[in-house]
Amino acid sequence: MTNDQHSDVEVLLGAYALDAVDPDEAERIEAHLADCPRCRAEVDRHREVAAAIGNSVEPLPPHLWDRIAGQLERPPVNDTVPRLGGRADPAPAAGDPVAPVVPLAGSRSATTRSLGRRGVVATVLAVAAVVVIAFLAVGLVHANNQVNRLHSASGSLSAAVSSALADPSSQRVVMDSPTGQALATAVILPDGHAFLTDIRMPALPGDRTYQLWGMIGGQPISLSLLGHHPTAVAFSFGSAHPSALAVTDEPAGGVVAPTSVPVASAVVSA
Amino acid sequence: MTGGEHDGLGDRPPDAGPVSPILHPSAPPAPNTGDMPIAEVSDAQLVVAIARYREDALAECYRRHGGAVLALARRVTGDGGDAEDVVQEVFLRLWRQPDRFDAARGSLRSFLLAQSHGRAVDLVRSRVARQRREERDARGTAGAGYDIEREVWDAVVAEKVTEAMSRLPDEERTPIEMAYFQGHTYREVADLLAQPEGTIKSRIRSGLKRMRNAMTEIGVKAP
């Protein structure tokens, strides 16, 4: 790269960062950027400024995520290799950068809690923790749709909870700790919309979350992440009525299968 | 990566069947408090999880940045349907090619906004030229009535950014706004403003540099 070429490109970097150059210019600039860290850094700086200028937010329409989720390709069967191999470490943190997201080994041991009285639910969930489970993703997107519609329809969660509580057709299920202490109430509507309210679970450290599971078809299905200090939560399971509900204490970000015995659970009558 | 089966759930077992239940971004764990359970997970870590086909990580990413991607796309395309297409493309692209994001080169928000902008501009430029021109004429030249403050992600920061923008010399601010928000090339901007192309591309560049300095001075970081 000669100095002439460099300065030719350099003067275009602002316009390039704003996608305001012609395609042939963009091609020329990109060829130069591949070899010129200085110009690359300048483009990055311009893009950050552009992002600041363009950084407003709109509410997301409820259907949009479902459109996206419906198009996510699954990995090839044997492909478990992370897809970031080709590039220098994208997450400069030391160690396994994903560990804080989804630690499995080293999560709280199931042995720190007794199985408690609700043996059936607890045992199934505990078994699920050590067995690779094919989750029933079917119905979840559908359920999520309903959560979406629910939120947009209700406007506010507390209003929706009040309305559900007032609905004579709703079912109330108290979720107990293994020692029989009432820790939350699930309010279930006949159409599969539900809420967790009156939550009395103790706050967890910031790196933990409560996760709500429904036993559906004999398997625990994640219904919602509740956060580390939940107040009220809406969830939905569509037409797949759970036979039981359970809450486990999991690493922040949630897990695909429970890794500990439930802190609260309840059997749901059909 | 140390190997072994329990490095993290992100390494899905080959026979795990369907992808894990999707944690819908609009199924908030604590909607009243904004107290999100994965709030402490960094964007870079989310992208690593996305690279491992974690849909919940993509959902979280969408929750954090989708609204900004949509807002910018709508701003540039002027069309809700187009803007949603852009959002879809941006997040599908992140899912398919997470390695395109390089944390060393900037924030995920900046990256996604750049993606959103590029795609939105493509859409705008592919539209029927006449229609574009009519709209352009109807709108008049850039900058007029420009309102950066609407529906902001962070009102304080946005206000500071707005203020910094407003302090830019007009001859720099206007070309930046025309290029960025209306999807014009610098050549088109030059044409519309009846200025030499060389002047416009220089002003865009110097304006962006000036903005960066101003942001640094007032302590505003890029999103």
# chains A, B, ... in the order shown; residues from 1 in each chain; ligands from 1
$ residues_around --residues "region 161-171 of chain A" --least-positions-apart "2" --cutoff "12 Å" --atoms "only C-alpha atoms" --output "ChimeraX atom specification"
/A:150-151,153-159,173-174,185-198,231-235,267-270
$ residues_around --residues "Arg205 (chain B)" --least-positions-apart "6" --cutoff "9 Å" --atoms "only C-alpha atoms" --output "list in words"
Val11, Leu12, Leu13, Gly14, Ala15 and His46 of chain A; Glu172 and Ile176 of chain B
$ residues_around --residues "Ala120 (chain B)" --least-positions-apart "5" --cutoff "12 Å" --atoms "only C-alpha atoms" --output "ChimeraX atom specification"
/A:18-20 /B:69-90,112-115,125-127,180-184
$ write_last_selection --atoms "C-alpha atoms" --output "PDB file, in the first residue's frame"
ATOM      1  CA  LEU A  18     -21.688   5.759   7.516  1.00  0.00           C
ATOM      2  CA  ASP A  19     -22.219   3.401   4.548  1.00  0.00           C
ATOM      3  CA  ALA A  20     -22.156   6.473   2.360  1.00  0.00           C
TER       4      ALA A  20
ATOM      5  CA  VAL B  69     -31.569  -1.921  15.809  1.00  0.00           C
ATOM      6  CA  LEU B  70     -35.225  -1.420  14.945  1.00  0.00           C
ATOM      7  CA  ALA B  71     -35.226   2.296  15.697  1.00  0.00           C
ATOM      8  CA  LEU B  72     -32.248   2.981  13.484  1.00  0.00           C
ATOM      9  CA  ALA B  73     -33.592   0.802  10.691  1.00  0.00           C
ATOM     10  CA  ARG B  74     -36.919   2.595  10.799  1.00  0.00           C
ATOM     11  CA  ARG B  75     -35.204   5.918  10.899  1.00  0.00           C
ATOM     12  CA  VAL B  76     -33.262   5.135   7.750  1.00  0.00           C
ATOM     13  CA  THR B  77     -35.886   3.197   5.800  1.00  0.00           C
ATOM     14  CA  GLY B  78     -38.843   5.222   6.966  1.00  0.00           C
ATOM     15  CA  ASP B  79     -40.886   2.071   6.817  1.00  0.00           C
ATOM     16  CA  GLY B  80     -41.945  -0.221   9.639  1.00  0.00           C
ATOM     17  CA  GLY B  81     -42.041  -3.359   7.527  1.00  0.00           C
ATOM     18  CA  ASP B  82     -38.617  -2.741   6.069  1.00  0.00           C
ATOM     19  CA  ALA B  83     -37.284  -1.980   9.505  1.00  0.00           C
ATOM     20  CA  GLU B  84     -38.535  -5.285  10.869  1.00  0.00           C
ATOM     21  CA  ASP B  85     -36.926  -7.087   7.946  1.00  0.00           C
ATOM     22  CA  VAL B  86     -33.678  -5.395   8.846  1.00  0.00           C
ATOM     23  CA  VAL B  87     -33.950  -6.461  12.479  1.00  0.00           C
ATOM     24  CA  GLN B  88     -34.625 -10.003  11.414  1.00  0.00           C
ATOM     25  CA  GLU B  89     -31.648 -10.029   9.092  1.00  0.00           C
ATOM     26  CA  VAL B  90     -29.319  -8.491  11.625  1.00  0.00           C
ATOM     27  CA  LEU B 112     -25.374  -4.261  15.538  1.00  0.00           C
ATOM     28  CA  LEU B 113     -26.231  -0.675  14.737  1.00  0.00           C
ATOM     29  CA  ALA B 114     -23.632  -0.655  11.977  1.00  0.00           C
ATOM     30  CA  GLN B 115     -25.177  -3.845  10.622  1.00  0.00           C
ATOM     31  CA  ARG B 125     -31.010   2.389  -2.250  1.00  0.00           C
ATOM     32  CA  SER B 126     -32.706  -0.531  -3.876  1.00  0.00           C
ATOM     33  CA  ARG B 127     -36.058   1.196  -3.882  1.00  0.00           C
ATOM     34  CA  TYR B 180     -26.505   8.483   8.167  1.00  0.00           C
ATOM     35  CA  PHE B 181     -30.211   8.950   8.591  1.00  0.00           C
ATOM     36  CA  GLN B 182     -31.341   9.360   5.015  1.00  0.00           C
ATOM     37  CA  GLY B 183     -29.024   6.821   3.505  1.00  0.00           C
ATOM     38  CA  HIS B 184     -27.410   9.155   0.994  1.00  0.00           C
TER      39      HIS B 184
END
$ residues_around --residues "Ile216 (chain A)" --least-positions-apart "2" --cutoff "8 Å" --atoms "only C-alpha atoms" --output "JSON, numbers by chain"
{"A": [214, 218, 219, 220, 221, 240, 241, 242, 243, 244]}
$ closest_residue --among "B:Lys160, B:Phe91, B:Ala68, B:Gly106" --to "Ile50 (chain B)" --atoms "only C-alpha atoms"
B:Phe91
$ closest_residue --among "B:Val47, B:Leu168, B:Asp191, B:Val220" --to "Ile204 (chain B)" --atoms "only C-alpha atoms"
B:Leu168
$ atom_distance --atom1 "CA of Thr185 (chain B)" --atom2 "CA of Asp22 (chain A)"
6.8 Å
$ closest_residue --among "B:Met178, B:Ala222, B:Val157, B:Ala194" --to "chain A" --atoms "only C-alpha atoms"
B:Ala222
$ closest_residue --among "A:Ala264, A:Ile199, A:Leu64, A:Leu33" --to "chain B" --atoms "only C-alpha atoms"
A:Leu64
$ atom_distance --atom1 "CA of His228 (chain A)" --atom2 "CA of Gly206 (chain A)"
6.2 Å
$ select_by_dssp --residues "region 170-203 of chain B" --states "alpha helix (DSSP H)" --output "ChimeraX atom specification"
/B:170-182,186-193,197-203
